[in-house]
$ cat target-v9.json   # JSON, C-alpha atoms
[["chain", "number", "residue", "atom", "x", "y", "z"],
["E", 1, "MET", "CA", 29.10, 65.00, 20.53],
["E", 2, "ASN", "CA", 30.21, 65.89, 17.02],
["E", 3, "ILE", "CA", 33.59, 64.76, 15.70],
["E", 4, "ILE", "CA", 35.63, 64.53, 12.52],
["E", 5, "LEU", "CA", 37.33, 61.14, 12.14],
["E", 6, "LEU", "CA", 40.39, 61.24, 9.91],
["E", 7, "GLY", "CA", 42.49, 58.42, 8.54],
["E", 8, "PRO", "CA", 43.50, 56.89, 5.20],
["E", 9, "PRO", "CA", 41.69, 53.90, 3.69],
["E", 10, "GLY", "CA", 42.52, 50.83, 5.77],
["E", 11, "ALA", "CA", 43.10, 52.78, 8.98],
["E", 12, "GLY", "CA", 39.94, 51.36, 10.54],
["E", 13, "LYS", "CA", 37.54, 54.31, 10.37],
["E", 14, "GLY", "CA", 34.60, 52.10, 9.43],
["E", 15, "THR", "CA", 35.17, 49.66, 12.30],
["E", 16, "GLN", "CA", 35.67, 52.42, 14.85],
["E", 17, "SER", "CA", 32.69, 54.44, 13.59],
["E", 18, "ALA", "CA", 30.48, 51.39, 14.12],
["E", 19, "ASN", "CA", 31.74, 51.14, 17.70],
["E", 20, "LEU", "CA", 31.13, 54.83, 18.32],
["E", 21, "GLU", "CA", 27.63, 54.61, 16.86],
["E", 22, "ALA", "CA", 26.75, 51.71, 19.16],
["E", 23, "LYS", "CA", 28.30, 53.07, 22.36],
["E", 24, "HIS", "CA", 27.82, 56.84, 22.13],
["E", 25, "ASN", "CA", 24.56, 57.35, 20.22],
["E", 26, "MET", "CA", 26.36, 58.76, 17.22],
["E", 27, "ARG", "CA", 25.90, 58.42, 13.47],
["E", 28, "GLN", "CA", 28.60, 58.15, 10.82],
["E", 29, "LEU", "CA", 28.12, 60.67, 8.04],
["E", 30, "SER", "CA", 30.21, 59.39, 5.14],
["E", 31, "THR", "CA", 29.94, 61.73, 2.17],
["E", 32, "GLY", "CA", 30.34, 58.86, -0.29],
["E", 33, "ASP", "CA", 27.56, 56.82, 1.31],
["E", 34, "MET", "CA", 25.27, 59.84, 1.62],
["E", 35, "LEU", "CA", 25.83, 60.78, -2.01],
["E", 36, "ARG", "CA", 24.93, 57.30, -3.24],
["E", 37, "ALA", "CA", 21.87, 57.19, -0.98],
["E", 38, "ALA", "CA", 20.64, 60.61, -2.12],
["E", 39, "VAL", "CA", 21.03, 59.68, -5.79],
["E", 40, "LYS", "CA", 19.17, 56.41, -5.23],
["E", 41, "ALA", "CA", 16.38, 58.13, -3.29],
["E", 42, "GLN", "CA", 16.16, 60.85, -5.96],
["E", 43, "THR", "CA", 16.12, 63.65, -3.43],
["E", 44, "PRO", "CA", 16.52, 67.20, -4.83],
["E", 45, "VAL", "CA", 20.19, 67.22, -3.84],
["E", 46, "GLY", "CA", 20.59, 63.67, -5.14],
["E", 47, "LEU", "CA", 19.15, 64.57, -8.53],
["E", 48, "GLU", "CA", 21.45, 67.57, -8.77],
["E", 49, "ALA", "CA", 24.45, 65.41, -7.85],
["E", 50, "LYS", "CA", 23.44, 62.74, -10.36],
["E", 51, "ALA", "CA", 23.31, 65.30, -13.17],
["E", 52, "VAL", "CA", 26.77, 66.56, -12.25],
["E", 53, "MET", "CA", 28.27, 63.06, -12.15],
["E", 54, "GLU", "CA", 26.64, 62.06, -15.43],
["E", 55, "ARG", "CA", 28.43, 65.01, -17.04],
["E", 56, "GLY", "CA", 31.66, 63.63, -15.67],
["E", 57, "ASP", "CA", 32.18, 66.60, -13.35],
["E", 58, "LEU", "CA", 33.16, 66.58, -9.67],
["E", 59, "VAL", "CA", 30.40, 67.16, -7.14],
["E", 60, "SER", "CA", 30.72, 70.72, -5.84],
["E", 61, "ASP", "CA", 31.28, 71.82, -2.26],
["E", 62, "GLU", "CA", 27.78, 73.29, -2.32],
["E", 63, "ILE", "CA", 26.20, 69.92, -3.10],
["E", 64, "VAL", "CA", 28.24, 68.08, -0.48],
["E", 65, "SER", "CA", 27.42, 70.74, 2.11],
["E", 66, "ALA", "CA", 23.73, 70.45, 1.22],
["E", 67, "LEU", "CA", 23.92, 66.70, 1.85],
["E", 68, "ILE", "CA", 25.47, 67.29, 5.27],
["E", 69, "ASN", "CA", 22.82, 69.90, 6.09],
["E", 70, "ASP", "CA", 19.97, 67.56, 5.09],
["E", 71, "GLU", "CA", 21.36, 64.69, 7.14],
["E", 72, "LEU", "CA", 21.79, 66.81, 10.26],
["E", 73, "ALA", "CA", 18.27, 68.20, 9.83],
["E", 74, "ALA", "CA", 16.90, 64.64, 9.80],
["E", 75, "MET", "CA", 18.86, 63.58, 12.90],
["E", 76, "GLY", "CA", 17.63, 63.98, 16.44],
["E", 77, "ASP", "CA", 19.32, 66.66, 18.54],
["E", 78, "ASP", "CA", 20.54, 63.94, 20.91],
["E", 79, "VAL", "CA", 22.40, 62.04, 18.17],
["E", 80, "GLY", "CA", 26.04, 62.90, 17.63],
["E", 81, "ALA", "CA", 27.72, 63.09, 14.23],
["E", 82, "ILE", "CA", 30.89, 61.39, 12.98],
["E", 83, "PHE", "CA", 32.08, 63.21, 9.87],
["E", 84, "ASP", "CA", 34.00, 60.88, 7.55],
["E", 85, "GLY", "CA", 35.46, 62.25, 4.31],
["E", 86, "TYR", "CA", 34.33, 65.81, 5.03],
["E", 87, "PRO", "CA", 35.67, 68.42, 5.32],
["E", 88, "ARG", "CA", 38.69, 68.03, 3.04],
["E", 89, "THR", "CA", 39.45, 71.68, 2.30],
["E", 90, "ALA", "CA", 39.56, 74.96, 4.20],
["E", 91, "ALA", "CA", 36.42, 76.07, 2.36],
["E", 92, "GLN", "CA", 34.56, 72.93, 3.42],
["E", 93, "ALA", "CA", 35.75, 73.43, 7.00],
["E", 94, "ALA", "CA", 34.26, 76.92, 6.99],
["E", 95, "ALA", "CA", 31.03, 75.58, 5.49],
["E", 96, "LEU", "CA", 30.82, 72.89, 8.18],
["E", 97, "ASP", "CA", 31.12, 75.54, 10.89],
["E", 98, "GLU", "CA", 28.14, 77.36, 9.40],
["E", 99, "ILE", "CA", 26.07, 74.17, 9.04],
["E", 100, "LEU", "CA", 26.77, 73.08, 12.61],
["E", 101, "ALA", "CA", 25.87, 76.52, 13.96],
["E", 102, "LYS", "CA", 22.63, 76.44, 11.98],
["E", 103, "HIS", "CA", 21.66, 73.25, 13.78],
["E", 104, "GLY", "CA", 22.87, 74.40, 17.19],
["E", 105, "ARG", "CA", 25.83, 72.01, 17.17],
["E", 106, "THR", "CA", 29.51, 72.40, 18.01],
["E", 107, "LEU", "CA", 32.48, 70.45, 16.69],
["E", 108, "ASN", "CA", 34.01, 68.79, 19.76],
["E", 109, "HIS", "CA", 36.96, 66.80, 18.43],
["E", 110, "VAL", "CA", 39.02, 66.11, 15.32],
["E", 111, "ILE", "CA", 40.58, 62.67, 15.75],
["E", 112, "GLU", "CA", 43.19, 61.30, 13.39],
["E", 113, "LEU", "CA", 43.91, 57.59, 13.24],
["E", 114, "GLU", "CA", 47.67, 57.75, 12.73],
["E", 115, "VAL", "CA", 49.20, 54.92, 10.73],
["E", 116, "ASP", "CA", 52.60, 53.73, 9.61],
["E", 117, "GLU", "CA", 52.57, 53.63, 5.81],
["E", 118, "ASP", "CA", 54.65, 50.46, 5.43],
["E", 119, "ALA", "CA", 52.60, 48.65, 8.08],
["E", 120, "LEU", "CA", 49.37, 49.80, 6.43],
["E", 121, "VAL", "CA", 50.58, 48.47, 3.08],
["E", 122, "ASP", "CA", 51.23, 45.11, 4.74],
["E", 123, "ARG", "CA", 47.82, 45.16, 6.43],
["E", 124, "ILE", "CA", 45.89, 45.88, 3.25],
["E", 125, "THR", "CA", 47.83, 43.92, 0.62],
["E", 126, "GLY", "CA", 47.73, 40.75, 2.73],
["E", 127, "ARG", "CA", 43.99, 40.66, 3.33],
["E", 128, "TYR", "CA", 41.55, 38.36, 1.57],
["E", 129, "THR", "CA", 38.10, 36.94, 2.20],
["E", 130, "CYS", "CA", 36.14, 33.74, 1.80],
["E", 131, "ALA", "CA", 34.30, 33.98, -1.52],
["E", 132, "ASN", "CA", 31.30, 32.21, -0.01],
["E", 133, "CYS", "CA", 30.67, 33.75, 3.42],
["E", 134, "GLY", "CA", 32.93, 36.81, 3.46],
["E", 135, "THR", "CA", 35.03, 35.85, 6.49],
["E", 136, "GLY", "CA", 38.22, 37.91, 6.46],
["E", 137, "TYR", "CA", 41.75, 36.53, 6.54],
["E", 138, "HIS", "CA", 45.32, 37.77, 6.16],
["E", 139, "ASP", "CA", 48.40, 36.18, 4.63],
["E", 140, "ARG", "CA", 50.44, 36.60, 7.81],
["E", 141, "HIS", "CA", 48.18, 37.68, 10.65],
["E", 142, "ALA", "CA", 44.96, 35.66, 10.32],
["E", 143, "GLN", "CA", 45.20, 32.53, 8.20],
["E", 144, "PRO", "CA", 42.55, 29.76, 8.25],
["E", 145, "GLU", "CA", 43.18, 27.01, 10.80],
["E", 146, "VAL", "CA", 43.40, 24.55, 7.92],
["E", 147, "GLU", "CA", 45.21, 25.98, 4.92],
["E", 148, "GLY", "CA", 42.87, 26.68, 2.03],
["E", 149, "ILE", "CA", 39.66, 25.98, 3.96],
["E", 150, "CYS", "CA", 37.42, 28.66, 5.47],
["E", 151, "ASP", "CA", 37.05, 28.22, 9.24],
["E", 152, "LYS", "CA", 33.44, 29.38, 9.16],
["E", 153, "CYS", "CA", 31.81, 27.65, 6.18],
["E", 154, "GLY", "CA", 34.37, 25.18, 4.84],
["E", 155, "SER", "CA", 34.63, 26.79, 1.41],
["E", 156, "THR", "CA", 37.89, 26.48, -0.51],
["E", 157, "GLU", "CA", 37.29, 29.58, -2.64],
["E", 158, "PHE", "CA", 38.85, 32.90, -1.59],
["E", 159, "LYS", "CA", 39.12, 36.34, -3.19],
["E", 160, "ARG", "CA", 41.08, 39.57, -2.93],
["E", 161, "ARG", "CA", 40.04, 43.09, -3.83],
["E", 162, "PRO", "CA", 41.79, 44.08, -7.08],
["E", 163, "ASP", "CA", 42.81, 47.43, -5.62],
["E", 164, "ASP", "CA", 44.51, 45.89, -2.57],
["E", 165, "ASN", "CA", 47.97, 46.27, -4.05],
["E", 166, "GLU", "CA", 50.98, 48.27, -2.91],
["E", 167, "GLU", "CA", 50.86, 50.91, -5.65],
["E", 168, "THR", "CA", 47.20, 51.68, -5.03],
["E", 169, "VAL", "CA", 47.62, 51.81, -1.25],
["E", 170, "ARG", "CA", 50.57, 54.20, -1.46],
["E", 171, "ASN", "CA", 48.64, 56.41, -3.91],
["E", 172, "ARG", "CA", 45.75, 56.49, -1.42],
["E", 173, "MET", "CA", 48.14, 57.53, 1.34],
["E", 174, "GLN", "CA", 49.55, 60.34, -0.79],
["E", 175, "GLU", "CA", 46.05, 61.54, -1.67],
["E", 176, "TYR", "CA", 44.99, 61.39, 1.98],
["E", 177, "ARG", "CA", 47.95, 63.49, 3.11],
["E", 178, "ALA", "CA", 47.27, 66.04, 0.39],
["E", 179, "LYS", "CA", 43.61, 66.36, 1.41],
["E", 180, "THR", "CA", 44.05, 66.44, 5.19],
["E", 181, "ALA", "CA", 47.04, 68.78, 5.28],
["E", 182, "PRO", "CA", 44.94, 71.92, 4.63],
["E", 183, "ILE", "CA", 42.43, 71.31, 7.42],
["E", 184, "LEU", "CA", 44.51, 70.02, 10.33],
["E", 185, "PRO", "CA", 46.10, 73.42, 11.14],
["E", 186, "ILE", "CA", 42.65, 75.02, 11.21],
["E", 187, "TYR", "CA", 41.48, 72.71, 13.97],
["E", 188, "ALA", "CA", 44.85, 72.52, 15.71],
["E", 189, "GLU", "CA", 44.56, 76.26, 16.37],
["E", 190, "ARG", "CA", 41.32, 75.53, 18.21],
["E", 191, "GLY", "CA", 43.01, 72.86, 20.30],
["E", 192, "ILE", "CA", 40.63, 70.07, 19.29],
["E", 193, "VAL", "CA", 42.95, 67.76, 17.31],
["E", 194, "THR", "CA", 43.96, 64.44, 18.86],
["E", 195, "GLY", "CA", 46.08, 61.72, 17.30],
["E", 196, "VAL", "CA", 45.35, 58.06, 18.05],
["E", 197, "ASP", "CA", 47.58, 55.13, 17.16],
["E", 198, "GLY", "CA", 45.65, 53.51, 14.31],
["E", 199, "MET", "CA", 48.10, 50.59, 14.17],
["E", 200, "ALA", "CA", 47.12, 49.37, 17.65],
["E", 201, "SER", "CA", 44.59, 46.57, 18.09],
["E", 202, "ILE", "CA", 40.93, 47.31, 17.42],
["E", 203, "ASP", "CA", 40.12, 47.20, 21.14],
["E", 204, "GLU", "CA", 43.02, 49.52, 22.00],
["E", 205, "VAL", "CA", 41.96, 52.04, 19.38],
["E", 206, "THR", "CA", 38.38, 51.88, 20.67],
["E", 207, "GLU", "CA", 39.60, 52.56, 24.22],
["E", 208, "ALA", "CA", 41.66, 55.51, 23.03],
["E", 209, "LEU", "CA", 38.68, 57.00, 21.18],
["E", 210, "ASP", "CA", 36.46, 56.51, 24.23],
["E", 211, "ALA", "CA", 39.03, 58.34, 26.33],
["E", 212, "VAL", "CA", 39.06, 61.30, 23.93],
["E", 213, "LEU", "CA", 35.27, 61.57, 24.00],
["E", 214, "ALA", "CA", 35.23, 61.24, 27.78],
["E", 215, "SER", "CA", 37.64, 64.16, 28.14],
["E", 216, "ASP", "CA", 34.87, 66.73, 27.63]]
$ encode --input "target-v9.json" --output "structure tokens"
Amino acid sequence: MNIILLGPPGAGKGTQSANLEAKHNMRQLSTGDMLRAAVKAQTPVGLEAKAVMERGDLVSDEIVSALINDELAAMGDDVGAIFDGYPRTAAQAAALDEILAKHGRTLNHVIELEVDEDALVDRITGRYTCANCGTGYHDRHAQPEVEGICDKCGSTEFKRRPDDNEETVRNRMQEYRAKTAPILPIYAERGIVTGVDGMASIDEVTEALDAVLASD
């Protein structure tokens, strides 16, 4: 099973990818993670990408496609792929078709975690974590049992990500819409696009994704 998982930052792609990996023998292929790993490992593609980034240039489609190709080549034929952050353009979508065909794979589903922008802003801007153990909390939805004290470790120190603010979240949403708009029609024509309510509970989203995968 090979799928593209779409959704803006905060929609829950990371959580749901972990569930899919555990339950369906799949692997999340996040272009950002792969790029950092390739640079660190100093692979040929990683060295090329590092040189590009050090010049301050954007990594080309060719480099990103090479990363995807290398990862698929290293995966077992029985392991499915979850593409996260790729493709983002019509050209990348065409390149992915070629890469999948090269490895005898087919794209089965394109699943979009659909979110309400205002609700997503509330979800992200209200979240914070224990500075000591990393336990997550939320201003309105998941506060510590005792105010100011972490339930797990008893610490009184908490922190927020500096980019978890409304302006940044709305900019991310705008960027996401701009990048996904070109590819959705391509896959919609093939009849493989499914929308899932990303604002539902984690368990409900997981069940919906399982149902999509089970439809084959």
$ closest_atom_pairs --input "target-v9.json" --of "segment 26-136 of chain E" --to "segment 151-168 of chain E" --cutoff "9 Å" --atoms "all atoms listed in the file" --output "JSON lines"
{"residue": "E:Val121", "atom": "CA", "partner": "E:Glu166", "partner_atom": "CA", "distance": 6.0}
{"residue": "E:Asp122", "atom": "CA", "partner": "E:Glu166", "partner_atom": "CA", "distance": 8.3}
{"residue": "E:Ile124", "atom": "CA", "partner": "E:Asp164", "partner_atom": "CA", "distance": 6.0}
{"residue": "E:Thr125", "atom": "CA", "partner": "E:Asp164", "partner_atom": "CA", "distance": 5.0}
{"residue": "E:Gly126", "atom": "CA", "partner": "E:Asp164", "partner_atom": "CA", "distance": 8.1}
{"residue": "E:Arg127", "atom": "CA", "partner": "E:Arg160", "partner_atom": "CA", "distance": 7.0}
{"residue": "E:Tyr128", "atom": "CA", "partner": "E:Arg160", "partner_atom": "CA", "distance": 4.7}
{"residue": "E:Thr129", "atom": "CA", "partner": "E:Lys159", "partner_atom": "CA", "distance": 5.5}
{"residue": "E:Cys130", "atom": "CA", "partner": "E:Phe158", "partner_atom": "CA", "distance": 4.4}
{"residue": "E:Ala131", "atom": "CA", "partner": "E:Phe158", "partner_atom": "CA", "distance": 4.7}
{"residue": "E:Asn132", "atom": "CA", "partner": "E:Ser155", "partner_atom": "CA", "distance": 6.5}
{"residue": "E:Cys133", "atom": "CA", "partner": "E:Cys153", "partner_atom": "CA", "distance": 6.8}
{"residue": "E:Gly134", "atom": "CA", "partner": "E:Phe158", "partner_atom": "CA", "distance": 8.7}
{"residue": "E:Thr135", "atom": "CA", "partner": "E:Lys152", "partner_atom": "CA", "distance": 7.2}
$ closest_atom_pairs --input "target-v9.json" --of "segment 40-132 of chain E" --to "segment 185-207 of chain E" --cutoff "12 Å" --atoms "all atoms listed in the file" --output "JSON lines"
{"residue": "E:Pro87", "atom": "CA", "partner": "E:Ile186", "partner_atom": "CA", "distance": 11.3}
{"residue": "E:Arg88", "atom": "CA", "partner": "E:Ile186", "partner_atom": "CA", "distance": 11.5}
{"residue": "E:Thr89", "atom": "CA", "partner": "E:Ile186", "partner_atom": "CA", "distance": 10.0}
{"residue": "E:Ala90", "atom": "CA", "partner": "E:Ile186", "partner_atom": "CA", "distance": 7.7}
{"residue": "E:Ala91", "atom": "CA", "partner": "E:Ile186", "partner_atom": "CA", "distance": 10.9}
{"residue": "E:Gln92", "atom": "CA", "partner": "E:Ile186", "partner_atom": "CA", "distance": 11.4}
{"residue": "E:Ala93", "atom": "CA", "partner": "E:Ile186", "partner_atom": "CA", "distance": 8.2}
{"residue": "E:Ala94", "atom": "CA", "partner": "E:Ile186", "partner_atom": "CA", "distance": 9.6}
{"residue": "E:Asp97", "atom": "CA", "partner": "E:Tyr187", "partner_atom": "CA", "distance": 11.2}
{"residue": "E:Thr106", "atom": "CA", "partner": "E:Ile192", "partner_atom": "CA", "distance": 11.4}
{"residue": "E:Leu107", "atom": "CA", "partner": "E:Ile192", "partner_atom": "CA", "distance": 8.6}
{"residue": "E:Asn108", "atom": "CA", "partner": "E:Ile192", "partner_atom": "CA", "distance": 6.8}
{"residue": "E:His109", "atom": "CA", "partner": "E:Ile192", "partner_atom": "CA", "distance": 5.0}
{"residue": "E:Val110", "atom": "CA", "partner": "E:Val193", "partner_atom": "CA", "distance": 4.7}
{"residue": "E:Ile111", "atom": "CA", "partner": "E:Thr194", "partner_atom": "CA", "distance": 4.9}
{"residue": "E:Glu112", "atom": "CA", "partner": "E:Gly195", "partner_atom": "CA", "distance": 4.9}
{"residue": "E:Leu113", "atom": "CA", "partner": "E:Gly198", "partner_atom": "CA", "distance": 4.6}
{"residue": "E:Glu114", "atom": "CA", "partner": "E:Gly198", "partner_atom": "CA", "distance": 5.0}
{"residue": "E:Val115", "atom": "CA", "partner": "E:Gly198", "partner_atom": "CA", "distance": 5.2}
{"residue": "E:Asp116", "atom": "CA", "partner": "E:Met199", "partner_atom": "CA", "distance": 7.1}
{"residue": "E:Glu117", "atom": "CA", "partner": "E:Met199", "partner_atom": "CA", "distance": 10.0}
{"residue": "E:Asp118", "atom": "CA", "partner": "E:Met199", "partner_atom": "CA", "distance": 10.9}
{"residue": "E:Ala119", "atom": "CA", "partner": "E:Met199", "partner_atom": "CA", "distance": 7.8}
{"residue": "E:Leu120", "atom": "CA", "partner": "E:Met199", "partner_atom": "CA", "distance": 7.9}
{"residue": "E:Val121", "atom": "CA", "partner": "E:Met199", "partner_atom": "CA", "distance": 11.6}
{"residue": "E:Asp122", "atom": "CA", "partner": "E:Met199", "partner_atom": "CA", "distance": 11.3}
{"residue": "E:Arg123", "atom": "CA", "partner": "E:Met199", "partner_atom": "CA", "distance": 9.5}
$ closest_residue --input "target-v9.json" --among "E:Pro144, E:Leu72, E:Val79, E:Asp84" --to "Leu100 of chain E" --atoms "only C-alpha atoms"
E:Leu72
$ atom_distance --input "target-v9.json" --atom1 "atom CA of Pro44 of chain E" --atom2 "atom CA of Ser65 of chain E"
13.4 Å
$ axis_aligned_box --input "target-v9.json" --around "segment 117-123 of chain E" --padding-each-side "8 Å" --output "AutoDock Vina command-line options"
--center_x 51.2 --center_y 49.4 --center_z 5.6 --size_x 22.8 --size_y 24.5 --size_z 21.0
$ closest_atom_pairs --input "target-v9.json" --of "segment 60-173 of chain E" --to "segment 23-34 of chain E" --cutoff "8 Å" --atoms "all atoms listed in the file" --output "CSV"
residue,atom,partner,partner_atom,distance
E:Val64,CA,E:Thr31,CA,7.1
E:Leu67,CA,E:Met34,CA,7.0
E:Ile68,CA,E:Leu29,CA,7.6
E:Glu71,CA,E:Leu29,CA,7.9
E:Asp78,CA,E:Asn25,CA,7.8
E:Val79,CA,E:Met26,CA,5.2
E:Gly80,CA,E:Met26,CA,4.2
E:Ala81,CA,E:Arg27,CA,5.1
E:Ile82,CA,E:Gln28,CA,4.5
E:Phe83,CA,E:Leu29,CA,5.0
E:Asp84,CA,E:Ser30,CA,4.7
E:Gly85,CA,E:Thr31,CA,5.9
E:Tyr86,CA,E:Thr31,CA,6.6
$ closest_residue --input "target-v9.json" --among "E:Gly104, E:Met1, E:Val45, E:Lys13" --to "Ser215 of chain E" --atoms "all atoms listed in the file"
E:Met1
